[in-house]
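**Student:** Got final-v1.pdb for you, PDB, C-alpha atoms:
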ATOM      1  CA  MET A   1     -10.943  12.012 -26.802
ATOM      2  CA  VAL A   2      -9.303   9.051 -28.519
ATOM      3  CA  ALA A   3      -5.584   8.412 -28.282
ATOM      4  CA  PRO A   4      -3.575  10.268 -30.941
ATOM      5  CA  ALA A   5      -2.113   8.396 -33.891
ATOM      6  CA  TRP A   6       1.493   8.997 -32.778
ATOM      7  CA  LEU A   7       0.841   7.181 -29.495
ATOM      8  CA  THR A   8      -1.054   4.222 -30.948
ATOM      9  CA  GLU A   9       1.603   3.842 -33.630
ATOM     10  CA  LEU A  10       4.317   3.939 -30.977
ATOM     11  CA  ALA A  11       2.509   1.208 -29.042
ATOM     12  CA  SER A  12       2.074  -0.942 -32.150
ATOM     13  CA  LYS A  13       5.806  -0.805 -32.873
ATOM     14  CA  ALA A  14       6.984  -1.168 -29.279
ATOM     15  CA  GLY A  15       8.113  -4.739 -29.787
ATOM     16  CA  ASP A  16      10.348  -3.743 -32.700
ATOM     17  CA  HIS A  17      12.663  -1.597 -30.600
ATOM     18  CA  PRO A  18      15.626  -3.513 -29.169
ATOM     19  CA  VAL A  19      16.243  -3.277 -25.440
ATOM     20  CA  PRO A  20      19.688  -1.791 -24.621
ATOM     21  CA  ALA A  21      22.135  -4.418 -23.360
ATOM     22  CA  GLY A  22      22.338  -2.821 -19.917
ATOM     23  CA  LEU A  23      18.558  -3.020 -19.457
ATOM     24  CA  ARG A  24      17.881  -6.552 -20.691
ATOM     25  CA  PRO A  25      16.197  -8.769 -18.064
ATOM     26  CA  PRO A  26      18.135 -11.842 -16.895
ATOM     27  CA  PRO A  27      17.182 -14.912 -18.946
ATOM     28  CA  ASP A  28      16.588 -16.945 -15.783
ATOM     29  CA  GLY A  29      13.536 -14.831 -14.923
ATOM     30  CA  THR A  30      14.918 -13.446 -11.677
ATOM     31  CA  GLY A  31      13.897 -10.004 -10.488
ATOM     32  CA  ARG A  32      10.881  -8.351  -8.893
ATOM     33  CA  ARG A  33       8.092  -7.562 -11.338
ATOM     34  CA  ALA A  34       7.168  -3.882 -11.470
ATOM     35  CA  ALA A  35       5.354  -1.472 -13.765
ATOM     36  CA  VAL A  36       5.274   2.267 -14.434
ATOM     37  CA  LEU A  37       2.587   4.347 -16.117
ATOM     38  CA  MET A  38       3.662   6.575 -18.999
ATOM     39  CA  LEU A  39       0.506   8.675 -19.089
ATOM     40  CA  PHE A  40       0.261  11.149 -21.950
ATOM     41  CA  GLY A  41      -2.444  13.790 -22.202
ATOM     42  CA  ASP A  42      -3.455  16.900 -24.103
ATOM     43  CA  GLY A  43      -2.580  19.854 -21.882
ATOM     44  CA  LEU A  44      -2.794  23.611 -22.272
ATOM     45  CA  GLU A  45       0.617  23.592 -23.966
ATOM     46  CA  GLY A  46       0.051  20.564 -26.174
ATOM     47  CA  PRO A  47       0.872  16.918 -25.418
ATOM     48  CA  ASP A  48       2.277  16.292 -21.961
ATOM     49  CA  ILE A  49       3.226  13.458 -19.632
ATOM     50  CA  LEU A  50       2.567  12.851 -15.945
ATOM     51  CA  LEU A  51       5.609  12.670 -13.670
ATOM     52  CA  ILE A  52       6.012  12.504  -9.921
ATOM     53  CA  GLN A  53       8.882  13.527  -7.683
ATOM     54  CA  ARG A  54       9.520  10.888  -5.075
ATOM     55  CA  SER A  55       9.807  11.939  -1.448
ATOM     56  CA  SER A  56      13.276  13.001  -0.348
ATOM     57  CA  LYS A  57      12.569  11.093   2.874
ATOM     58  CA  GLY A  58      12.210   7.764   1.088
ATOM     59  CA  ARG A  59      14.764   4.973   1.152
ATOM     60  CA  VAL A  60      14.626   4.100  -2.570
ATOM     61  CA  HIS A  61      15.025   6.639  -5.419
ATOM     62  CA  ALA A  62      14.662   9.435  -2.859
ATOM     63  CA  GLY A  63      13.864  12.813  -4.402
ATOM     64  CA  GLN A  64      13.991  11.534  -7.972
ATOM     65  CA  PRO A  65      11.452  12.438 -10.678
ATOM     66  CA  ALA A  66       9.798   9.288 -11.984
ATOM     67  CA  PHE A  67       6.772   7.801 -13.667
ATOM     68  CA  PRO A  68       4.040   6.705 -11.256
ATOM     69  CA  GLY A  69       4.406   3.015 -10.549
ATOM     70  CA  GLY A  70       5.720   0.262  -8.344
ATOM     71  CA  GLY A  71       5.741  -3.462  -7.756
ATOM     72  CA  VAL A  72       3.236  -5.874  -9.289
ATOM     73  CA  ASP A  73       1.338  -7.242  -6.285
ATOM     74  CA  PRO A  74      -0.247 -10.723  -6.150
ATOM     75  CA  GLN A  75      -3.740  -9.227  -6.454
ATOM     76  CA  ASP A  76      -2.814  -7.290  -9.597
ATOM     77  CA  ASP A  77      -3.835  -8.757 -12.929
ATOM     78  CA  GLY A  78      -0.433  -8.037 -14.454
ATOM     79  CA  PRO A  79       1.593  -4.866 -15.163
ATOM     80  CA  ILE A  80      -1.295  -2.763 -16.479
ATOM     81  CA  ALA A  81      -3.352  -3.230 -13.324
ATOM     82  CA  ALA A  82      -0.299  -2.537 -11.168
ATOM     83  CA  ALA A  83       0.610   0.653 -13.036
ATOM     84  CA  LEU A  84      -2.924   2.034 -12.783
ATOM     85  CA  ARG A  85      -3.263   1.071  -9.113
ATOM     86  CA  GLU A  86       0.049   2.653  -8.173
ATOM     87  CA  ALA A  87      -0.765   5.828 -10.128
ATOM     88  CA  GLU A  88      -4.091   6.104  -8.333
ATOM     89  CA  GLU A  89      -2.428   5.611  -4.929
ATOM     90  CA  GLU A  90       0.383   8.074  -5.640
ATOM     91  CA  THR A  91      -1.432  10.854  -7.532
ATOM     92  CA  GLY A  92      -5.171  10.417  -7.040
ATOM     93  CA  LEU A  93      -5.545   9.535 -10.725
ATOM     94  CA  GLU A  94      -8.958   8.223 -11.765
ATOM     95  CA  PRO A  95      -8.254   5.060 -13.808
ATOM     96  CA  GLY A  96     -11.582   5.386 -15.617
ATOM     97  CA  GLY A  97     -10.212   8.426 -17.444
ATOM     98  CA  VAL A  98      -7.262   6.488 -18.854
ATOM     99  CA  GLU A  99      -7.004   4.422 -22.041
ATOM    100  CA  VAL A 100      -4.129   1.948 -22.038
ATOM    101  CA  VAL A 101      -2.731   1.632 -25.561
ATOM    102  CA  GLY A 102       0.125  -0.830 -25.041
ATOM    103  CA  MET A 103       3.265  -1.817 -23.193
ATOM    104  CA  LEU A 104       6.958  -1.386 -23.880
ATOM    105  CA  PRO A 105       9.335  -4.351 -23.496
ATOM    106  CA  GLU A 106      10.312  -5.268 -19.955
ATOM    107  CA  LEU A 107      13.427  -3.469 -18.673
ATOM    108  CA  TYR A 108      15.751  -4.609 -15.906
ATOM    109  CA  LEU A 109      17.201  -2.394 -13.173
ATOM    110  CA  GLY A 110      20.088  -4.316 -11.675
ATOM    111  CA  HIS A 111      20.658  -2.060  -8.654
ATOM    112  CA  SER A 112      17.108  -2.671  -7.407
ATOM    113  CA  ASP A 113      16.557  -6.088  -9.046
ATOM    114  CA  ASN A 114      13.332  -4.890 -10.681
ATOM    115  CA  ARG A 115      11.919  -6.039 -14.004
ATOM    116  CA  VAL A 116       9.940  -2.962 -15.064
ATOM    117  CA  THR A 117       7.208  -2.867 -17.707
ATOM    118  CA  PRO A 118       6.411   0.666 -18.968
ATOM    119  CA  VAL A 119       2.685   0.954 -19.717
ATOM    120  CA  LEU A 120       1.709   3.458 -22.432
ATOM    121  CA  ALA A 121      -1.590   5.236 -21.834
ATOM    122  CA  TRP A 122      -3.700   8.192 -22.978
ATOM    123  CA  TRP A 123      -5.471  10.502 -20.513
ATOM    124  CA  HIS A 124      -8.732  11.001 -22.382
ATOM    125  CA  THR A 125     -10.555  12.468 -19.369
ATOM    126  CA  PRO A 126      -8.035  14.318 -17.168
ATOM    127  CA  CYS A 127      -8.698  14.815 -13.475
ATOM    128  CA  ALA A 128      -6.995  16.802 -10.744
ATOM    129  CA  VAL A 129      -3.867  15.070  -9.434
ATOM    130  CA  HIS A 130      -1.748  15.692  -6.370
ATOM    131  CA  ALA A 131       0.740  14.035  -4.027
ATOM    132  CA  ALA A 132      -1.817  11.561  -2.697
ATOM    133  CA  SER A 133       0.781   9.557  -0.765
ATOM    134  CA  PRO A 134       3.011  12.168   0.927
ATOM    135  CA  ASP A 135       5.322   9.532   2.404
ATOM    136  CA  GLU A 136       6.195   8.427  -1.137
ATOM    137  CA  VAL A 137       5.546  11.458  -3.345
ATOM    138  CA  GLU A 138       6.455  15.130  -2.912
ATOM    139  CA  THR A 139       5.015  16.665  -6.085
ATOM    140  CA  VAL A 140       3.060  15.710  -9.195
ATOM    141  CA  GLU A 141       3.591  17.489 -12.511
ATOM    142  CA  ARG A 142       2.194  17.409 -16.036
ATOM    143  CA  ILE A 143       5.282  18.147 -18.133
ATOM    144  CA  PRO A 144       4.703  19.443 -21.694
ATOM    145  CA  ILE A 145       6.567  17.433 -24.313
ATOM    146  CA  ALA A 146       7.593  20.735 -25.909
ATOM    147  CA  GLU A 147       9.591  21.522 -22.764
ATOM    148  CA  LEU A 148      11.171  18.073 -22.630
ATOM    149  CA  VAL A 149      12.459  18.271 -26.206
ATOM    150  CA  ASP A 150      13.557  21.903 -25.975
ATOM    151  CA  PRO A 151      17.357  21.764 -26.531
ATOM    152  CA  ALA A 152      17.798  24.300 -23.711
ATOM    153  CA  ASN A 153      16.390  21.723 -21.276
ATOM    154  CA  ARG A 154      18.492  18.765 -22.425
ATOM    155  CA  LEU A 155      21.894  17.642 -21.146
ATOM    156  CA  ARG A 156      23.947  14.659 -20.133
ATOM    157  CA  LEU A 157      25.009  13.950 -16.575
ATOM    158  CA  ARG A 158      28.276  12.493 -15.383
ATOM    159  CA  VAL A 159      27.328   9.935 -12.734
ATOM    160  CA  ARG A 160      29.900   8.469 -10.338
ATOM    161  CA  GLY A 161      32.687  10.154 -12.236
ATOM    162  CA  THR A 162      32.448   8.367 -15.574
ATOM    163  CA  ALA A 163      29.004   7.055 -16.549
ATOM    164  CA  LEU A 164      26.881   9.399 -18.651
ATOM    165  CA  SER A 165      23.105   9.646 -18.419
ATOM    166  CA  VAL A 166      20.741  11.647 -20.606
ATOM    167  CA  ALA A 167      18.790  14.162 -18.555
ATOM    168  CA  PHE A 168      16.109  16.831 -18.714
ATOM    169  CA  ARG A 169      15.881  19.980 -16.590
ATOM    170  CA  VAL A 170      12.218  21.053 -16.546
ATOM    171  CA  ARG A 171       9.841  22.739 -14.091
ATOM    172  CA  GLY A 172      12.483  22.750 -11.381
ATOM    173  CA  LEU A 173      13.063  19.002 -11.794
ATOM    174  CA  LEU A 174      16.230  17.231 -12.890
ATOM    175  CA  VAL A 175      15.020  14.088 -14.656
ATOM    176  CA  TRP A 176      17.806  11.520 -15.012
ATOM    177  CA  GLY A 177      18.609   7.836 -14.754
ATOM    178  CA  PHE A 178      16.038   5.216 -15.759
ATOM    179  CA  THR A 179      13.195   7.707 -16.207
ATOM    180  CA  ALA A 180      15.261   9.929 -18.492
ATOM    181  CA  MET A 181      16.496   6.973 -20.557
ATOM    182  CA  VAL A 182      12.956   5.722 -21.165
ATOM    183  CA  LEU A 183      11.683   9.225 -21.949
ATOM    184  CA  ASP A 184      14.570   9.805 -24.351
ATOM    185  CA  GLY A 185      13.793   6.608 -26.242
ATOM    186  CA  VAL A 186      10.044   7.172 -26.384
ATOM    187  CA  LEU A 187      10.261  10.808 -27.468
ATOM    188  CA  GLY A 188      12.685   9.824 -30.204
ATOM    189  CA  ALA A 189      10.562   6.893 -31.400
ATOM    190  CA  ALA A 190       7.448   9.094 -31.439
ATOM    191  CA  GLY A 191       9.168  11.684 -33.627
ATOM    192  CA  PHE A 192       9.220  14.511 -31.072
ATOM    193  CA  GLU A 193      12.971  14.771 -30.534
ATOM    194  CA  VAL A 194      14.840  17.703 -32.057
ATOM    195  CA  PRO A 195      18.643  18.068 -32.300
ATOM    196  CA  TRP A 196      20.328  19.066 -29.038
ATOM    197  CA  ASP A 197      23.853  19.575 -27.780
ATOM    198  CA  ARG A 198      25.077  16.211 -26.497
ATOM    199  CA  SER A 199      28.406  17.759 -25.556
ATOM    200  CA  ARG A 200      26.651  19.618 -22.735
ATOM    201  CA  ILE A 201      27.783  17.515 -19.792
ATOM    202  CA  GLU A 202      27.405  18.313 -16.098
ATOM    203  CA  ASP A 203      28.163  16.423 -12.906
ATOM    204  CA  LEU A 204      25.231  14.963 -11.043
ATOM    205  CA  PRO A 205      24.699  17.445  -8.160
ATOM    206  CA  ALA A 206      26.144  16.319  -4.833
ATOM    207  CA  GLU A 207      22.815  16.525  -3.028
ATOM    208  CA  ILE A 208      21.238  14.193  -5.584
ATOM    209  CA  VAL A 209      24.163  11.781  -5.307
ATOM    210  CA  GLU A 210      23.602  11.689  -1.552
ATOM    211  CA  LEU A 211      19.900  10.955  -1.937
ATOM    212  CA  ALA A 212      20.504   8.321  -4.617
ATOM    213  CA  ALA A 213      23.020   6.554  -2.382
ATOM    214  CA  ARG A 214      20.219   5.586   0.003
ATOM    215  CA  GLY A 215      18.826   3.123  -2.510
TER     216      GLY A 215
END
Translate the structure of the given file into structure tokens.

**Tutor:**
Amino acid sequence: MVAPAWLTELASKAGDHPVPAGLRPPPDGTGRRAAVLMLFGDGLEGPDILLIQRSSKGRVHAGQPAFPGGGVDPQDDGPIAAALREAEEETGLEPGGVEVVGMLPELYLGHSDNRVTPVLAWWHTPCAVHAASPDEVETVERIPIAELVDPANRLRLRVRGTALSVAFRVRGLLVWGFTAMVLDGVLGAAGFEVPWDRSRIEDLPAEIVELAARG
């Protein structure tokens, strides 16, 4: 199955979307290169995306939902190779069933000093996935886009008292931070977003704050 028009069009226009000031990479090129795989597929409930929940025992981003991914290693031929390799290691994904359609602009995470390239891909031949690296990943989920854009599942989180982060509450997961920001932008650019109540604001749960503090 070929990639849908909405995804290829999104990839073709990726360079036209400005990077938010807080996520712009330093001009001096500092930062660790990393990549994440934004893998879309056609599930039982329509288009979906693959997410993982990182292990609560980890030292970095403990317990947080995220895209599969990690650092670009010396043997990787750039961000695409790194994103596919990491997804295979973390979820058992078969790279041969994936069509990469493009990359989003590089984003910078100051707290971890990572320059992250989101890789857009289509899962033309889905395979079974699971927490293939239990030390790093607790669960693997295919989340329907319909659930992500459902206004009942959308909110903003108050982080560290003042900062606000878009968030999604789906399948028992609270998706927030970097992953939620990227999802929010992509779903909007792809035309999936529907109006939701941005005045719905909650505090980031204490147990998540505690886990996040490790990294």

**Student:** Can I get the residues of range 135-200 of chain A within 12 Å of range 125-128 of chain A, each with the closest pair of atoms and their distance in Å to one decimal, using only C-alpha atoms, sorted chain first then ascending number, as a tab-separated table?

**Tutor:**
residue	atom	partner	partner_atom	distance
A:Val140	CA	A:Ala128	CA	10.2
A:Glu141	CA	A:Ala128	CA	10.8
A:Arg142	CA	A:Ala128	CA	10.6

**Student:** What is the distance between CA of Met1 in chain A and CA of Ala180 in chain A, in Å to one decimal?

**Tutor:** 27.6 Å

**Student:** With range 82-85 of chain A as the partner and 10 Å as the cut-off, tabulate the residues of range 93-188 of chain A that qualify, each row holding the nearest pair of atoms and their distance in Å to one decimal, using only C-alpha atoms, sorted by chain and rising number, as JSON lines.

**Tutor:**
{"residue": "A:Leu93", "atom": "CA", "partner": "A:Leu84", "partner_atom": "CA", "distance": 8.2}
{"residue": "A:Glu94", "atom": "CA", "partner": "A:Leu84", "partner_atom": "CA", "distance": 8.7}
{"residue": "A:Pro95", "atom": "CA", "partner": "A:Leu84", "partner_atom": "CA", "distance": 6.2}
{"residue": "A:Gly96", "atom": "CA", "partner": "A:Leu84", "partner_atom": "CA", "distance": 9.7}
{"residue": "A:Val98", "atom": "CA", "partner": "A:Leu84", "partner_atom": "CA", "distance": 8.7}
{"residue": "A:Val100", "atom": "CA", "partner": "A:Leu84", "partner_atom": "CA", "distance": 9.3}
{"residue": "A:Thr117", "atom": "CA", "partner": "A:Ala83", "partner_atom": "CA", "distance": 8.8}
{"residue": "A:Pro118", "atom": "CA", "partner": "A:Ala83", "partner_atom": "CA", "distance": 8.3}
{"residue": "A:Val119", "atom": "CA", "partner": "A:Ala83", "partner_atom": "CA", "distance": 7.0}
{"residue": "A:Leu120", "atom": "CA", "partner": "A:Ala83", "partner_atom": "CA", "distance": 9.9}
{"residue": "A:Ala121", "atom": "CA", "partner": "A:Leu84", "partner_atom": "CA", "distance": 9.7}

**Student:** Can those selected residues be exported to a file as a compact mmCIF listing (two decimals), in the coordinates of the input so that it contains C-alpha atoms?

**Tutor:**
# COMPACT_ATOMS: atom_id res chain seq x y z
CA LEU A 93 -5.54 9.54 -10.72
CA GLU A 94 -8.96 8.22 -11.76
CA PRO A 95 -8.25 5.06 -13.81
CA GLY A 96 -11.58 5.39 -15.62
CA VAL A 98 -7.26 6.49 -18.85
CA VAL A 100 -4.13 1.95 -22.04
CA THR A 117 7.21 -2.87 -17.71
CA PRO A 118 6.41 0.67 -18.97
CA VAL A 119 2.68 0.95 -19.72
CA LEU A 120 1.71 3.46 -22.43
CA ALA A 121 -1.59 5.24 -21.83

**Student:** Go through A:Pro68, A:Gly97, A:Pro144, A:Gly63 one by one, measure the shortest atom-to-atom distance of each to His130 in chain A using only C-alpha atoms, and give the residue with the smallest value.

**Tutor:**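 Counting only C-alpha atoms, the residue closest to His130 in chain A is A:Pro68.
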
**Student:** If we count only C-alpha atoms, what is near range 167-175 of chain A at a cut-off of 9 Å, once residues fewer than 6 positions away on the same chain are taken out, given as a PyMOL selection string?

**Tutor:** chain A and resi 53+64-66+141+143+147-149+152-157+181+184

**Student:** Determine the residue set returned by the PyMOL selection byres ((chain A and resi 12-28) around 8) for the present structure, and present it as a PyMOL selection string.

**Tutor:** chain A and resi 8-11+29-31+102-109+115

**Student:** Assuming the chain letters and numbering stay as they are in my file, what does the PyMOL selection byres ((chain A and resi 193-207) around 9) actually select? List them as a list in words.

**Tutor:**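 On this input, the PyMOL selection byres ((chain A and resi 193-207) around 9) captures Leu148, Val149, Asp150, Pro151, Ala152, Arg154, Leu155, Arg156, Leu157, Arg158, Val159, Arg160, Gly161, Leu164, Val166, Asp184, Leu187, Gly188, Ala189, Ala190, Gly191, Phe192, Ile208, Val209, Glu210, Leu211 and Ala212 of chain A.
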
**Student:** In Å to one decimal, how far is CA of Ile80 in chain A from CA of Pro134 in chain A?

**Tutor:**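 Atom-to-atom, CA of Pro134 in chain A to CA of Ile80 in chain A, that is 23.3 Å.
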
**Student:** What does the distance between CA of Gly69 in chain A and CA of Glu89 in chain A come to in Å, to one decimal place?

**Tutor:**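 CA of Glu89 in chain A lies 9.2 Å from CA of Gly69 in chain A.
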
**Student:** Evaluate the PyMOL selection byres ((chain A and resi 55) around 7) against this structure - the residues, as a PyMOL selection string, please.

**Tutor:** chain A and resi 53-54+56-58+62-63+135-138

**Student:** Give me, as a Markdown table, each residue of range 171-211 of chain A that comes within 12 Å of range 32-46 of chain A, together with its shortest interatomic pair and the distance in Å at one decimal, counting all atoms listed in the file, with rows ordered by chain and rising residue number.

**Tutor:**
| residue | atom | partner | partner_atom | distance |
| --- | --- | --- | --- | --- |
| A:Phe178 | CA | A:Val36 | CA | 11.2 |
| A:Thr179 | CA | A:Val36 | CA | 9.8 |
| A:Val182 | CA | A:Met38 | CA | 9.6 |
| A:Leu183 | CA | A:Met38 | CA | 8.9 |
| A:Val186 | CA | A:Met38 | CA | 9.8 |
| A:Leu187 | CA | A:Phe40 | CA | 11.4 |

**Student:** Could you give me the centre and size, in Å to one decimal, of an axis-aligned box around all listed atoms of range 175-190 of chain A with 6 Å added on every side, as JSON?

**Tutor:**
{"center_x": 13.0, "center_y": 9.7, "center_z": -23.0, "size_x": 23.2, "size_y": 20.9, "size_z": 28.8}

**Student:** For each of A:Ala3, A:Glu90, A:Gly78, A:Gly71, take the minimum atom-to-atom distance to Asp113 in chain A, counting all atoms listed in the file, then give the residue where this is smallest.

**Tutor:**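 Between A:Ala3, A:Glu90, A:Gly78, A:Gly71, the residue approaching Asp113 in chain A most closely is A:Gly71.
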
**Student:** Given all atoms listed in the file as the basis, pick out the residue of A:Leu51, A:Ala163, A:Val2, A:Leu7 nearest to Val129 in chain A.

**Tutor:**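 Checking each candidate against Val129 in chain A, we get A:Leu51 as the closest.
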
**Student:** Of the candidates A:Asp76, A:Thr139, A:Ala146, A:Gly177, which shows the shortest atom-to-atom distance to Asp48 in chain A, using only C-alpha atoms?

**Tutor:**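 Result for the nearest residue to Asp48 in chain A: A:Ala146.
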
**Student:** Which residue, A:Glu99, A:Thr162, A:His111, A:Asp77, has the smallest gap to Pro4 in chain A when you use all atoms listed in the file?

**Tutor:**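 So, comparing all the options, the nearest one is A:Glu99.
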